[in-house]
Amino acid sequence: MGKKILIIDDDNRNIYALKLVLKSKGFDCLTAADAVTGLQMLQEGEGIGIVLMDMMMPEMDGYEAIGIIRNTPVIADVYIVAVTAQAMVGDREKCLAAGASAYVSKPIDVDVLLELLNEQIVSEK
């Protein structure tokens with residue numbers, strides 16, 4: 001498979017479950033337990049092409065992190081999937097307006113996530 005996926009989530013259970021599923025499907029995954037660490041990893045040029053961003057984290061939430069990514073030229077084009085338990089009317093639009101490329105609500109429907117990821121990898125070829 002193509003790109004490395006960076007999972008940014010403050011809940012180790014979410015990281016573990018996502019990483020397990022994605023690795024079983026052939027994806028190369030990196031993880032960060034907070035947005036600050038995730039931003040550092042992106043800027044260090046780890047070859048990350050996709051970010052799964054938890055939107056509700058302490059200190060720096062996903063909205064702030066996405067804003068920083070979109071305003072940092074070397075990483076501005078990374079594909080970001082907003083991942084959130086916030087599944088109320090308007091939350092999808094709020095995430096997309098903040099700069100997310102796509103939106104997936106928790107609990108994550110793995111088939112939907114895999115379809116998004118595979119579409120992105122195919123479109124990049």
# chains A, B, ... in the order shown; residues from 1 in each chain; ligands from 1
>>> residues_around(residues="Ala35 in chain A", least_positions_apart="2", cutoff="12 Å", atoms="only C-alpha atoms", output="PDB file with N, CA and C atoms, in the first residue's frame")
ATOM      1  N   LEU A   6      -0.893   8.508   9.982  1.00  0.00           N
ATOM      2  CA  LEU A   6      -0.615   8.950  11.344  1.00  0.00           C
ATOM      3  C   LEU A   6      -1.940   9.016  12.097  1.00  0.00           C
ATOM      4  N   ILE A   7      -2.036   8.256  13.172  1.00  0.00           N
ATOM      5  CA  ILE A   7      -3.218   8.279  14.032  1.00  0.00           C
ATOM      6  C   ILE A   7      -2.910   9.198  15.211  1.00  0.00           C
ATOM      7  N   ILE A   8      -3.671  10.272  15.350  1.00  0.00           N
ATOM      8  CA  ILE A   8      -3.502  11.195  16.477  1.00  0.00           C
ATOM      9  C   ILE A   8      -4.747  11.086  17.346  1.00  0.00           C
ATOM     10  N   ASP A   9      -4.578  10.526  18.531  1.00  0.00           N
ATOM     11  CA  ASP A   9      -5.705  10.298  19.440  1.00  0.00           C
ATOM     12  C   ASP A   9      -5.169  10.215  20.862  1.00  0.00           C
ATOM     13  N   ASP A  10      -5.870  10.816  21.806  1.00  0.00           N
ATOM     14  CA  ASP A  10      -5.410  10.793  23.195  1.00  0.00           C
ATOM     15  C   ASP A  10      -5.846   9.543  23.957  1.00  0.00           C
ATOM     16  N   THR A  31       1.749   6.561  15.281  1.00  0.00           N
ATOM     17  CA  THR A  31       0.774   7.066  16.236  1.00  0.00           C
ATOM     18  C   THR A  31       1.347   8.209  17.065  1.00  0.00           C
ATOM     19  N   ALA A  32       0.425   9.060  17.518  1.00  0.00           N
ATOM     20  CA  ALA A  32       0.766  10.149  18.439  1.00  0.00           C
ATOM     21  C   ALA A  32      -0.380  10.276  19.436  1.00  0.00           C
ATOM     22  N   ALA A  33      -0.036  10.421  20.712  1.00  0.00           N
ATOM     23  CA  ALA A  33      -1.044  10.493  21.762  1.00  0.00           C
ATOM     24  C   ALA A  33      -1.551  11.915  22.009  1.00  0.00           C
ATOM     25  N   THR A  37       2.592  16.353  19.478  1.00  0.00           N
ATOM     26  CA  THR A  37       3.497  15.300  18.998  1.00  0.00           C
ATOM     27  C   THR A  37       3.199  14.961  17.540  1.00  0.00           C
ATOM     28  N   GLY A  38       1.918  14.860  17.205  1.00  0.00           N
ATOM     29  CA  GLY A  38       1.530  14.567  15.826  1.00  0.00           C
ATOM     30  C   GLY A  38       2.015  15.622  14.848  1.00  0.00           C
ATOM     31  N   LEU A  39       1.898  16.895  15.234  1.00  0.00           N
ATOM     32  CA  LEU A  39       2.381  17.979  14.377  1.00  0.00           C
ATOM     33  C   LEU A  39       3.885  17.892  14.179  1.00  0.00           C
ATOM     34  N   GLN A  40       4.616  17.567  15.238  1.00  0.00           N
ATOM     35  CA  GLN A  40       6.075  17.417  15.125  1.00  0.00           C
ATOM     36  C   GLN A  40       6.415  16.288  14.153  1.00  0.00           C
ATOM     37  N   MET A  41       5.697  15.168  14.258  1.00  0.00           N
ATOM     38  CA  MET A  41       5.962  14.028  13.375  1.00  0.00           C
ATOM     39  C   MET A  41       5.693  14.406  11.923  1.00  0.00           C
ATOM     40  N   LEU A  42       4.615  15.132  11.667  1.00  0.00           N
ATOM     41  CA  LEU A  42       4.302  15.575  10.306  1.00  0.00           C
ATOM     42  C   LEU A  42       5.402  16.473   9.757  1.00  0.00           C
ATOM     43  N   VAL A  51      -3.718  11.589   7.815  1.00  0.00           N
ATOM     44  CA  VAL A  51      -3.815  11.760   9.265  1.00  0.00           C
ATOM     45  C   VAL A  51      -5.233  11.425   9.694  1.00  0.00           C
ATOM     46  N   LEU A  52      -5.345  10.561  10.703  1.00  0.00           N
ATOM     47  CA  LEU A  52      -6.635  10.320  11.353  1.00  0.00           C
ATOM     48  C   LEU A  52      -6.598  11.146  12.633  1.00  0.00           C
ATOM     49  N   MET A  53      -7.356  12.227  12.660  1.00  0.00           N
ATOM     50  CA  MET A  53      -7.275  13.225  13.727  1.00  0.00           C
ATOM     51  C   MET A  53      -8.481  13.159  14.651  1.00  0.00           C
ATOM     52  N   ASP A  54      -8.224  12.779  15.913  1.00  0.00           N
ATOM     53  CA  ASP A  54      -9.261  12.880  16.936  1.00  0.00           C
ATOM     54  C   ASP A  54      -9.530  14.360  17.136  1.00  0.00           C
ATOM     55  N   MET A  55     -10.786  14.744  17.130  1.00  0.00           N
ATOM     56  CA  MET A  55     -11.113  16.166  17.219  1.00  0.00           C
ATOM     57  C   MET A  55     -11.202  16.676  18.652  1.00  0.00           C
ATOM     58  N   MET A  56     -11.450  15.786  19.611  1.00  0.00           N
ATOM     59  CA  MET A  56     -11.637  16.208  20.996  1.00  0.00           C
ATOM     60  C   MET A  56     -10.489  15.693  21.860  1.00  0.00           C
ATOM     61  N   MET A  57      -9.439  16.496  21.973  1.00  0.00           N
ATOM     62  CA  MET A  57      -8.277  16.147  22.799  1.00  0.00           C
ATOM     63  C   MET A  57      -7.986  17.303  23.747  1.00  0.00           C
ATOM     64  N   PRO A  58      -7.406  17.001  24.909  1.00  0.00           N
ATOM     65  CA  PRO A  58      -7.032  18.089  25.825  1.00  0.00           C
ATOM     66  C   PRO A  58      -5.841  18.876  25.264  1.00  0.00           C
ATOM     67  N   GLU A  59      -5.606  20.020  25.806  1.00  0.00           N
ATOM     68  CA  GLU A  59      -4.526  20.932  25.435  1.00  0.00           C
ATOM     69  C   GLU A  59      -4.726  21.501  24.037  1.00  0.00           C
ATOM     70  N   MET A  60      -4.502  20.715  22.991  1.00  0.00           N
ATOM     71  CA  MET A  60      -4.751  21.177  21.621  1.00  0.00           C
ATOM     72  C   MET A  60      -5.725  20.203  20.970  1.00  0.00           C
ATOM     73  N   ASP A  61      -6.913  20.714  20.594  1.00  0.00           N
ATOM     74  CA  ASP A  61      -7.884  19.824  19.961  1.00  0.00           C
ATOM     75  C   ASP A  61      -7.615  19.708  18.457  1.00  0.00           C
ATOM     76  N   GLY A  62      -8.374  18.851  17.818  1.00  0.00           N
ATOM     77  CA  GLY A  62      -8.190  18.606  16.390  1.00  0.00           C
ATOM     78  C   GLY A  62      -8.435  19.827  15.523  1.00  0.00           C
ATOM     79  N   TYR A  63      -9.377  20.671  15.949  1.00  0.00           N
ATOM     80  CA  TYR A  63      -9.666  21.873  15.162  1.00  0.00           C
ATOM     81  C   TYR A  63      -8.447  22.799  15.106  1.00  0.00           C
ATOM     82  N   GLU A  64      -7.828  23.001  16.249  1.00  0.00           N
ATOM     83  CA  GLU A  64      -6.633  23.851  16.294  1.00  0.00           C
ATOM     84  C   GLU A  64      -5.483  23.206  15.507  1.00  0.00           C
ATOM     85  N   ALA A  65      -5.310  21.901  15.681  1.00  0.00           N
ATOM     86  CA  ALA A  65      -4.233  21.190  14.980  1.00  0.00           C
ATOM     87  C   ALA A  65      -4.422  21.249  13.469  1.00  0.00           C
ATOM     88  N   ILE A  66      -5.656  21.078  13.008  1.00  0.00           N
ATOM     89  CA  ILE A  66      -5.918  21.144  11.557  1.00  0.00           C
ATOM     90  C   ILE A  66      -5.599  22.548  11.036  1.00  0.00           C
ATOM     91  N   GLY A  67      -5.963  23.566  11.802  1.00  0.00           N
ATOM     92  CA  GLY A  67      -5.648  24.938  11.399  1.00  0.00           C
ATOM     93  C   GLY A  67      -4.153  25.153  11.224  1.00  0.00           C
ATOM     94  N   ILE A  68      -3.384  24.600  12.143  1.00  0.00           N
ATOM     95  CA  ILE A  68      -1.916  24.720  12.052  1.00  0.00           C
ATOM     96  C   ILE A  68      -1.402  23.971  10.826  1.00  0.00           C
ATOM     97  N   ILE A  69      -1.904  22.771  10.606  1.00  0.00           N
ATOM     98  CA  ILE A  69      -1.473  21.978   9.446  1.00  0.00           C
ATOM     99  C   ILE A  69      -1.770  22.724   8.155  1.00  0.00           C
TER     100      ILE A  69
END
>>> select_by_dssp(residues="range 49-121 of chain A", states="strand (DSSP E)", output="VMD selection string")
chain A and resid 49 to 54 79 to 84 102 to 105
>>> write_last_selection(atoms="all heavy atoms", output="short mmCIF file (atom, residue, chain, number, x, y, z; two decimals), in the first residue's frame")
data_model
loop_
_atom_site.label_atom_id
_atom_site.label_comp_id
_atom_site.auth_asym_id
_atom_site.auth_seq_id
_atom_site.Cartn_x
_atom_site.Cartn_y
_atom_site.Cartn_z
N GLY A 49 1.10 10.59 4.64
CA GLY A 49 0.20 11.15 3.64
C GLY A 49 -1.22 11.29 4.13
O GLY A 49 -2.03 12.00 3.53
N ILE A 50 -1.55 10.60 5.21
CA ILE A 50 -2.92 10.61 5.74
C ILE A 50 -2.85 10.74 7.26
O ILE A 50 -2.05 10.08 7.91
CB ILE A 50 -3.67 9.32 5.37
CG1 ILE A 50 -3.78 9.19 3.84
CG2 ILE A 50 -5.06 9.28 6.02
CD1 ILE A 50 -4.31 7.85 3.35
N VAL A 51 -3.72 11.59 7.81
CA VAL A 51 -3.81 11.76 9.27
C VAL A 51 -5.23 11.42 9.69
O VAL A 51 -6.20 11.93 9.11
CB VAL A 51 -3.47 13.21 9.68
CG1 VAL A 51 -3.71 13.40 11.19
CG2 VAL A 51 -2.05 13.56 9.32
N LEU A 52 -5.35 10.56 10.70
CA LEU A 52 -6.63 10.32 11.35
C LEU A 52 -6.60 11.15 12.63
O LEU A 52 -5.84 10.84 13.55
CB LEU A 52 -6.82 8.83 11.68
CG LEU A 52 -6.76 7.87 10.49
CD1 LEU A 52 -7.05 6.45 10.95
CD2 LEU A 52 -7.74 8.28 9.40
N MET A 53 -7.36 12.23 12.66
CA MET A 53 -7.27 13.23 13.73
C MET A 53 -8.48 13.16 14.65
O MET A 53 -9.60 13.46 14.24
CB MET A 53 -7.20 14.63 13.11
CG MET A 53 -7.18 15.78 14.08
SD MET A 53 -5.59 15.99 14.89
CE MET A 53 -4.63 16.67 13.53
N ASP A 54 -8.22 12.78 15.91
CA ASP A 54 -9.26 12.88 16.94
C ASP A 54 -9.53 14.36 17.14
O ASP A 54 -8.60 15.15 17.30
CB ASP A 54 -8.77 12.22 18.23
CG ASP A 54 -9.79 12.28 19.36
OD1 ASP A 54 -10.99 12.42 19.08
OD2 ASP A 54 -9.38 12.17 20.53
N TYR A 79 -3.83 14.70 3.70
CA TYR A 79 -5.23 14.28 3.75
C TYR A 79 -5.59 14.01 5.21
O TYR A 79 -4.96 13.16 5.85
CB TYR A 79 -5.42 13.02 2.89
CG TYR A 79 -6.85 12.58 2.72
CD1 TYR A 79 -7.66 13.16 1.76
CD2 TYR A 79 -7.38 11.56 3.51
CE1 TYR A 79 -8.97 12.75 1.58
CE2 TYR A 79 -8.69 11.14 3.33
CZ TYR A 79 -9.48 11.73 2.37
OH TYR A 79 -10.77 11.31 2.19
N ILE A 80 -6.57 14.74 5.74
CA ILE A 80 -6.94 14.61 7.15
C ILE A 80 -8.36 14.08 7.28
O ILE A 80 -9.30 14.68 6.74
CB ILE A 80 -6.85 15.97 7.88
CG1 ILE A 80 -5.46 16.57 7.76
CG2 ILE A 80 -7.27 15.81 9.35
CD1 ILE A 80 -5.36 18.02 8.24
N VAL A 81 -8.49 12.98 8.01
CA VAL A 81 -9.81 12.44 8.33
C VAL A 81 -10.11 12.83 9.77
O VAL A 81 -9.41 12.42 10.70
CB VAL A 81 -9.86 10.90 8.18
CG1 VAL A 81 -11.26 10.38 8.54
CG2 VAL A 81 -9.48 10.47 6.76
N ALA A 82 -11.14 13.66 9.96
CA ALA A 82 -11.58 14.02 11.31
C ALA A 82 -12.31 12.82 11.90
O ALA A 82 -13.22 12.28 11.29
CB ALA A 82 -12.52 15.22 11.24
N VAL A 83 -11.86 12.41 13.09
CA VAL A 83 -12.47 11.27 13.78
C VAL A 83 -13.01 11.79 15.10
O VAL A 83 -12.24 12.30 15.92
CB VAL A 83 -11.42 10.16 14.03
CG1 VAL A 83 -12.06 8.98 14.74
CG2 VAL A 83 -10.77 9.71 12.73
N THR A 84 -14.33 11.67 15.29
CA THR A 84 -14.90 12.25 16.50
C THR A 84 -16.16 11.53 16.95
O THR A 84 -16.89 10.98 16.14
CB THR A 84 -15.20 13.75 16.29
OG1 THR A 84 -15.69 14.30 17.50
CG2 THR A 84 -16.20 13.97 15.19
N ALA A 102 -12.04 14.77 5.24
CA ALA A 102 -13.15 13.82 5.37
C ALA A 102 -13.51 13.72 6.85
O ALA A 102 -12.78 14.21 7.71
CB ALA A 102 -12.76 12.46 4.81
N TYR A 103 -14.62 13.04 7.13
CA TYR A 103 -15.15 12.95 8.49
C TYR A 103 -15.66 11.54 8.75
O TYR A 103 -16.34 10.97 7.90
CB TYR A 103 -16.29 13.97 8.62
CG TYR A 103 -17.16 13.82 9.85
CD1 TYR A 103 -16.85 14.50 11.02
CD2 TYR A 103 -18.30 13.03 9.83
CE1 TYR A 103 -17.65 14.40 12.15
CE2 TYR A 103 -19.11 12.92 10.95
CZ TYR A 103 -18.78 13.60 12.09
OH TYR A 103 -19.58 13.49 13.21
N VAL A 104 -15.31 11.00 9.91
CA VAL A 104 -15.81 9.69 10.34
C VAL A 104 -16.18 9.81 11.81
O VAL A 104 -15.40 10.33 12.61
CB VAL A 104 -14.74 8.58 10.17
CG1 VAL A 104 -15.25 7.25 10.68
CG2 VAL A 104 -14.30 8.45 8.73
N SER A 105 -17.38 9.36 12.17
CA SER A 105 -17.79 9.44 13.57
C SER A 105 -17.46 8.15 14.30
O SER A 105 -17.33 7.09 13.70
CB SER A 105 -19.29 9.75 13.67
OG SER A 105 -20.04 8.70 13.10
#
>>> closest_residue(among="A:Gly99, A:Gly47, A:Gly90, A:Gly26", to="Arg70 in chain A", atoms="only C-alpha atoms")
A:Gly99
>>> closest_residue(among="A:Ile108, A:Ile48, A:Val122, A:Leu116", to="Val21 in chain A", atoms="only C-alpha atoms")
A:Ile108
>>> select_by_dssp(residues="chain A", states="alpha helix (DSSP H)", output="MDAnalysis selection string")
chainID A and resid 12:24 35:43 62:70 91:97 110:124
>>> atom_distance(atom1="CA of Lys19 in chain A", atom2="CA of Val110 in chain A")
11.5 Å
>>> closest_residue(among="A:Leu18, A:Leu30, A:Ile121, A:Ala87", to="Lys106 in chain A", atoms="only C-alpha atoms")
A:Ala87
>>> atom_distance(atom1="CA of Asn71 in chain A", atom2="CA of Cys29 in chain A")
24.0 Å
>>> closest_residue(among="A:Ser123, A:Asn118, A:Asn12, A:Thr72", to="Lys25 in chain A", atoms="only C-alpha atoms")
A:Asn118
>>> closest_residue(among="A:Glu46, A:Leu20, A:Glu124, A:Asp11", to="Asp34 in chain A", atoms="only C-alpha atoms")
A:Asp11
>>> atom_distance(atom1="CA of Lys94 in chain A", atom2="CA of Ile15 in chain A")
23.3 Å
>>> closest_residue(among="A:Gly45, A:Tyr16, A:Ala97, A:Ser24", to="Val74 in chain A", atoms="only C-alpha atoms")
A:Gly45
>>> decode(residues="range 10-94 of chain A", atoms="C-alpha atoms", output="short mmCIF file (atom, residue, chain, number, x, y, z; two decimals), in the first residue's frame")
data_model
loop_
_atom_site.label_atom_id
_atom_site.label_comp_id
_atom_site.auth_asym_id
_atom_site.auth_seq_id
_atom_site.Cartn_x
_atom_site.Cartn_y
_atom_site.Cartn_z
CA ASP A 10 -5.41 10.79 23.20
CA ASP A 11 -7.08 7.43 23.95
CA ASN A 12 -4.67 4.50 23.70
CA ARG A 13 -7.57 2.07 23.19
CA ASN A 14 -8.62 3.94 20.04
CA ILE A 15 -5.03 3.99 18.78
CA TYR A 16 -4.61 0.27 19.47
CA ALA A 17 -7.85 -0.74 17.74
CA LEU A 18 -7.31 1.48 14.69
CA LYS A 19 -3.68 0.46 14.28
CA LEU A 20 -4.60 -3.23 14.54
CA VAL A 21 -7.28 -2.97 11.86
CA LEU A 22 -5.22 -0.80 9.51
CA LYS A 23 -2.06 -2.91 9.81
CA SER A 24 -4.13 -6.03 9.06
CA LYS A 25 -5.19 -4.32 5.82
CA GLY A 26 -1.58 -3.54 4.86
CA PHE A 27 -1.34 0.08 5.96
CA ASP A 28 1.83 1.47 7.56
CA CYS A 29 0.78 3.31 10.74
CA LEU A 30 2.43 5.78 13.08
CA THR A 31 0.77 7.07 16.24
CA ALA A 32 0.77 10.15 18.44
CA ALA A 33 -1.04 10.49 21.76
CA ASP A 34 -1.50 14.26 21.38
CA ALA A 35 -1.74 16.89 18.66
CA VAL A 36 1.58 18.57 19.48
CA THR A 37 3.50 15.30 19.00
CA GLY A 38 1.53 14.57 15.83
CA LEU A 39 2.38 17.98 14.38
CA GLN A 40 6.08 17.42 15.12
CA MET A 41 5.96 14.03 13.37
CA LEU A 42 4.30 15.58 10.31
CA GLN A 43 6.87 18.35 10.11
CA GLU A 44 9.79 15.93 10.43
CA GLY A 45 8.84 14.51 7.04
CA GLU A 46 8.04 10.94 8.02
CA GLY A 47 6.38 10.34 4.64
CA ILE A 48 2.93 10.67 6.20
CA GLY A 49 0.20 11.15 3.64
CA ILE A 50 -2.92 10.61 5.74
CA VAL A 51 -3.81 11.76 9.27
CA LEU A 52 -6.63 10.32 11.35
CA MET A 53 -7.27 13.23 13.73
CA ASP A 54 -9.26 12.88 16.94
CA MET A 55 -11.11 16.17 17.22
CA MET A 56 -11.64 16.21 21.00
CA MET A 57 -8.28 16.15 22.80
CA PRO A 58 -7.03 18.09 25.82
CA GLU A 59 -4.53 20.93 25.44
CA MET A 60 -4.75 21.18 21.62
CA ASP A 61 -7.88 19.82 19.96
CA GLY A 62 -8.19 18.61 16.39
CA TYR A 63 -9.67 21.87 15.16
CA GLU A 64 -6.63 23.85 16.29
CA ALA A 65 -4.23 21.19 14.98
CA ILE A 66 -5.92 21.14 11.56
CA GLY A 67 -5.65 24.94 11.40
CA ILE A 68 -1.92 24.72 12.05
CA ILE A 69 -1.47 21.98 9.45
CA ARG A 70 -3.39 23.90 6.77
CA ASN A 71 -1.29 27.02 7.47
CA THR A 72 2.07 25.21 7.33
CA PRO A 73 3.13 25.01 3.66
CA VAL A 74 5.21 21.81 3.84
CA ILE A 75 2.32 19.78 5.33
CA ALA A 76 -0.71 21.79 4.21
CA ASP A 77 -1.81 19.23 1.60
CA VAL A 78 -1.93 16.19 3.89
CA TYR A 79 -5.23 14.28 3.75
CA ILE A 80 -6.94 14.61 7.15
CA VAL A 81 -9.81 12.44 8.33
CA ALA A 82 -11.58 14.02 11.31
CA VAL A 83 -12.47 11.27 13.78
CA THR A 84 -14.90 12.25 16.50
CA ALA A 85 -17.61 11.05 18.83
CA GLN A 86 -19.33 14.33 18.04
CA ALA A 87 -22.02 13.07 15.69
CA MET A 88 -24.57 15.84 16.09
CA VAL A 89 -26.16 17.74 13.22
CA GLY A 90 -23.57 20.16 11.85
CA ASP A 91 -20.48 18.44 13.32
CA ARG A 92 -19.43 16.98 9.97
CA GLU A 93 -19.70 20.42 8.37
CA LYS A 94 -17.79 22.01 11.27
#
